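Student: Below is one structure. I have some questions about it.
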Amino acid sequence: MIRDLRIARLGAVLTFVLAGLLVGTMTVRIPALTDKLGLSESAVGLILLAWGVGALITMQSMRRVMSRAGSKTVLRIGGPLTALGLVGVAFAPNLPLLLVAATFFGMAFGMVDIAMNAQGSTVERAYGRPLLNGMHAGWCVGAISAGAVGSLSIALGLSFTVNVALVGLVSLPVMVLLGRTYLPEPPAVSTTAKAGRRLPPIVYLLGALMFFAFMVEGTVADWNGLFMRDTLGAPEALAALGYPVFEVGMLVARLTGDRLRTRFGVRGIMTASGVATAGFFAVVLVAPAPLVAVLAMFFVGLGVATISPMTLSLAGTATDTPGPAIAQAGAMGYAGLLLGPVVIGFLTDATSLRVALGIAVLLGVAIAVAARFLPREEPAAVTAGPAVREPELAAA
């Protein structure tokens with residue numbers, strides 16, 4: 001039993017790593033994609049929108065699917081499909097087919113994102129202690145690896161098609177093999193779950209917290225480099241460091257987040273995270289020099305990183321079965337990821353980029369305030385699974 005739990009935990013972590021690698025690979029080679037097909041900036045925006053809308057559509061439908069099929073089944077289907085979707089993006093010969101491939105890739109990823117978080121929640125229940133922050137650290141590792149592989153591919157002169165297709169084709173059999181490691185939801189939970197059952201209010205509060213956090217993450221990913229270069233006057237090489245430094249901060253926070261959660265509780269950690277996000281993003285906006293802003297981005301990443309894993313973890317304990325609640329909270333969160341950069345664009349046209357980015361400060365404050373409405377004590381649902389005795393968990 002202990003060995004099965006450890007294998008399941010490793011399988012869940014590797015799924016997060018591969019998901020970060022697959023999505024990151026497409027993102028880091030977008031300049032090469034524009035060269036390959038001669039795409040304009042608006043066309044690139046359309047491709048990213050197609051991917052995001054595809055993911056959001058799937059996430060919105062996953063509440064019922066997760067209730068009936070469970071995370072194990074969904075991951076066994078969605079994981080390989082995500083890898084195949086990336087291969088489709090690699091070989092798309094023109095913009096119309098690229099939009100189709102990007103939409104398919106996004107829809108497959110939407111399945112994986114919800115299901116891997118539900119699987120992580122299932123593993124948490126079996127272990128009886130928080131683990132989801134560490135699993136989300138796997139996503140950061142995958143995203144950073146995508147950047148490293150992309151840089152190596154550029155140095156070796158590999159085209160967009162070769163680089164992206166290789167990552168997808170290598171990931172495909174790994175995703176298939178990982179399907180053997182996943183834990184099923186407990187039968188007693190699965191047979192009593194009702195897809196149409198009303199979710200408790202806390203799920204929507206958690207979804208709102210995730211929405212705020214993902215708006216910050218999307219804002220940093222899409223607008224930070226431009227702000228560094230055009231507003232703060234940073235050289236392009238220094239401006240490009242803002243997002244990787246942010247990701248490193250997120251990785252550090254997620255590697256330590258589960259232990260901090262055990263010690264201080266979700267409510268305390270989220271309140272501190274919101275304050276840190278607001279405070280350090282304010283430092284970015286008023287930084288006297290670009291280097292100060294880049295360093296502050298590390299602490300913004302440190303602040304915002306643990307919010308989405310903890311919200312999904314708590315959503316997984318809000319009902320008897322984690323899938324539907326995680327699907328609801330996740331769909332709300334990813335709406336923020338899509339909406340954030342768009343809102344910043346409109347506000348920038350109306351005011352300035354510095355003023356528009358001030359919304360990230362307000363979002364940090366909103367996180368800190370909303371966190372005060374969370375229960376002081378975490379739900380007792382994060383407990384050992386029925387087939388595992390407490391001494392075995394302690395040993396694991």
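Labels for the structure tokens follow display order: chains A, B, ..., residues from 1 in each chain, ligands from 1.
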Which polymer residues have any atom within 9 Å of an atom of Gly142 in chain A, counting only C-alpha atoms, with same-chain residues fewer than 5 positions away left out, as an mmCIF file with N, CA and C atoms, in the first residue's frame?
Tutor:
```
data_model
loop_
_atom_site.group_PDB
_atom_site.id
_atom_site.type_symbol
_atom_site.label_atom_id
_atom_site.label_comp_id
_atom_site.auth_asym_id
_atom_site.auth_seq_id
_atom_site.Cartn_x
_atom_site.Cartn_y
_atom_site.Cartn_z
ATOM 1 N N LEU A 14 4.697 13.968 -11.952
ATOM 2 C CA LEU A 14 5.200 13.917 -13.326
ATOM 3 C C LEU A 14 4.149 14.401 -14.321
ATOM 4 N N PHE A 16 2.034 16.835 -13.731
ATOM 5 C CA PHE A 16 2.163 18.298 -13.671
ATOM 6 C C PHE A 16 3.394 18.758 -14.450
ATOM 7 N N VAL A 17 4.511 18.049 -14.318
ATOM 8 C CA VAL A 17 5.732 18.418 -15.043
ATOM 9 C C VAL A 17 5.491 18.393 -16.545
ATOM 10 N N LEU A 18 4.889 17.300 -17.031
ATOM 11 C CA LEU A 18 4.652 17.176 -18.467
ATOM 12 C C LEU A 18 3.653 18.218 -18.966
ATOM 13 N N ALA A 19 2.639 18.514 -18.164
ATOM 14 C CA ALA A 19 1.679 19.538 -18.568
ATOM 15 C C ALA A 19 2.375 20.892 -18.732
ATOM 16 N N GLY A 20 3.237 21.245 -17.771
ATOM 17 C CA GLY A 20 3.993 22.491 -17.880
ATOM 18 C C GLY A 20 4.928 22.490 -19.071
ATOM 19 N N LEU A 21 5.536 21.337 -19.351
ATOM 20 C CA LEU A 21 6.447 21.217 -20.487
ATOM 21 C C LEU A 21 5.708 21.387 -21.812
ATOM 22 N N LEU A 22 4.553 20.734 -21.953
ATOM 23 C CA LEU A 22 3.813 20.775 -23.211
ATOM 24 C C LEU A 22 3.294 22.182 -23.504
ATOM 25 N N VAL A 23 2.695 22.817 -22.508
ATOM 26 C CA VAL A 23 2.174 24.168 -22.716
ATOM 27 C C VAL A 23 3.321 25.166 -22.904
ATOM 28 N N GLY A 24 4.362 25.044 -22.077
ATOM 29 C CA GLY A 24 5.493 25.958 -22.172
ATOM 30 C C GLY A 24 6.225 25.871 -23.494
ATOM 31 N N ALA A 137 4.565 22.684 -8.038
ATOM 32 C CA ALA A 137 5.977 22.985 -8.297
ATOM 33 C C ALA A 137 6.456 22.212 -9.518
ATOM 34 N N GLY A 147 11.529 26.197 -21.457
ATOM 35 C CA GLY A 147 12.399 27.295 -21.852
ATOM 36 C C GLY A 147 13.812 26.830 -22.151
#
```
Student: Would you please extract all alpha helix (DSSP H) residues from range 313-391 of chain A, as assigned by DSSP on the backbone, and give them as a count of residues only?
Tutor: 55
Student: Considering only C-alpha atoms, return as a ChimeraX atom specification whatever protein or nucleic-acid residues lie within 9 Å of range 113-124 of chain A, sequence-local ones (same chain, fewer than 3 positions apart) excluded.
Tutor: /A:5,8-9,12-13,15-16,19,55,59,62,66,70-75,78,108-110,127-132,135-136,182-186,309,312-317,321-327,330-331,382-385
Student: Could you take the residues named above and write them with C-alpha atoms, as a compact mmCIF listing (two decimals), in the first residue's frame?
Tutor:
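Everything below was put into selection33.txt:
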```
# COMPACT_ATOMS: atom_id res chain seq x y z
CA LEU A 5 0.84 5.61 -2.69
CA ALA A 8 0.66 7.50 -7.34
CA ARG A 9 2.25 10.62 -5.88
CA ALA A 12 0.77 12.94 -10.23
CA VAL A 13 3.90 15.10 -9.93
CA THR A 15 1.83 14.70 -14.88
CA PHE A 16 2.16 18.30 -13.67
CA ALA A 19 1.68 19.54 -18.57
CA ALA A 55 -9.32 24.96 -22.51
CA MET A 59 -13.11 23.01 -18.03
CA MET A 62 -15.73 18.85 -16.64
CA MET A 66 -15.54 14.21 -13.37
CA GLY A 70 -13.24 10.25 -12.20
CA SER A 71 -9.78 11.75 -12.60
CA LYS A 72 -8.03 8.46 -13.41
CA THR A 73 -10.11 7.81 -16.53
CA VAL A 74 -10.02 11.43 -17.70
CA LEU A 75 -6.22 11.61 -17.36
CA GLY A 78 -6.65 13.59 -21.85
CA ALA A 108 -7.26 18.42 -24.31
CA PHE A 109 -5.22 20.42 -21.83
CA GLY A 110 -8.43 21.59 -20.14
CA TYR A 127 -1.68 10.54 2.44
CA GLY A 128 -3.67 12.60 4.94
CA ARG A 129 -1.54 15.73 4.53
CA PRO A 130 -1.15 18.65 2.06
CA LEU A 131 0.74 17.76 -1.13
CA LEU A 132 -0.76 19.86 -3.92
CA MET A 135 2.72 18.98 -7.33
CA HIS A 136 2.23 22.49 -8.72
CA TYR A 182 -3.20 7.04 -10.94
CA LEU A 183 -5.46 6.30 -7.98
CA PRO A 184 -9.20 5.83 -8.50
CA GLU A 185 -11.55 7.87 -6.38
CA PRO A 186 -12.91 5.71 -3.53
CA PRO A 309 -2.78 25.06 -5.40
CA LEU A 312 -7.86 23.66 -5.55
CA SER A 313 -6.81 21.54 -2.59
CA LEU A 314 -9.55 23.05 -0.41
CA ALA A 315 -12.09 22.71 -3.21
CA GLY A 316 -11.22 19.01 -3.35
CA THR A 317 -12.19 18.63 0.30
CA THR A 321 -15.79 13.70 -4.49
CA PRO A 322 -13.09 16.22 -5.50
CA GLY A 323 -13.64 16.33 -9.26
CA PRO A 324 -16.75 18.54 -9.65
CA ALA A 325 -15.67 21.12 -7.07
CA ILE A 326 -12.17 21.35 -8.57
CA ALA A 327 -13.70 21.66 -12.05
CA GLY A 330 -10.61 25.70 -11.91
CA ALA A 331 -12.95 27.05 -14.59
CA VAL A 382 -8.07 15.69 4.02
CA THR A 383 -7.75 12.38 5.86
CA ALA A 384 -6.37 8.97 5.18
CA GLY A 385 -8.23 6.86 2.65
```
Student: Quick one: residues within 12 Å of range 263-275 of chain A, only C-alpha atoms, excluding same-chain residues fewer than 2 positions away - as a PyMOL selection string?
Tutor: chain A and resi 129-130+133+206+209-210+212-213+216+250+253+256-261+277-282+299-314+360-379
Student: Which residue out of A:Ile77, A:Pro93, A:Val252, A:Leu338 has the minimum interatomic distance to Gly45 in chain A when only C-alpha atoms are used?
Tutor: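 Among the listed residues, A:Leu338 lies closest to Gly45 in chain A.
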Student: Leaving out range 101-103 of chain A and any residue of its chain fewer than 2 positions from it, which residues lie within 6 Å of it when counting only C-alpha atoms, given as a ChimeraX atom specification?
Tutor: /A:50-51,54,88-89,98-99,105-106
Student: When you look at Thr27 in chain A with a cut-off of 10 Å (counting only C-alpha atoms), what residues show up, excluding the ones that are within fewer than 6 positions of it in the same chain? I need them as an MDAnalysis selection string.
Tutor: chainID A and resid 21 33 48 143 146:147 150
Student: Please compute the CA of Arg29 in chain A-CA of Val164 in chain A distance, one decimal, in Å.
Tutor: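 We find that CA of Arg29 in chain A and CA of Val164 in chain A lie 8.0 Å from each other.
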Student: For Val162 in chain A, list every protein, DNA or RNA residue within 9 Å, evaluated using only C-alpha atoms, and leave out those in the same chain fewer than 5 positions away; present the list as a VMD selection string.
Tutor: chain A and resid 90 to 91 153 167
Student: By how many Å are CA of Phe298 in chain A and CA of Val284 in chain A apart?
Tutor: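 Interatomic distance here is 10.4 Å.
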Student: Can you measure CA of Gln60 in chain A to CA of Pro341 in chain A for me? One decimal in Å is fine.
Tutor: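 Separation between CA of Gln60 in chain A and CA of Pro341 in chain A: 20.4 Å.
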Student: Hey, which of A:Tyr334, A:Phe346, A:Phe211, A:Phe227 ends up closest to Ile57 in chain A? Count only C-alpha atoms.
Tutor: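 Using only C-alpha atoms, Ile57 in chain A sits closest to A:Tyr334.
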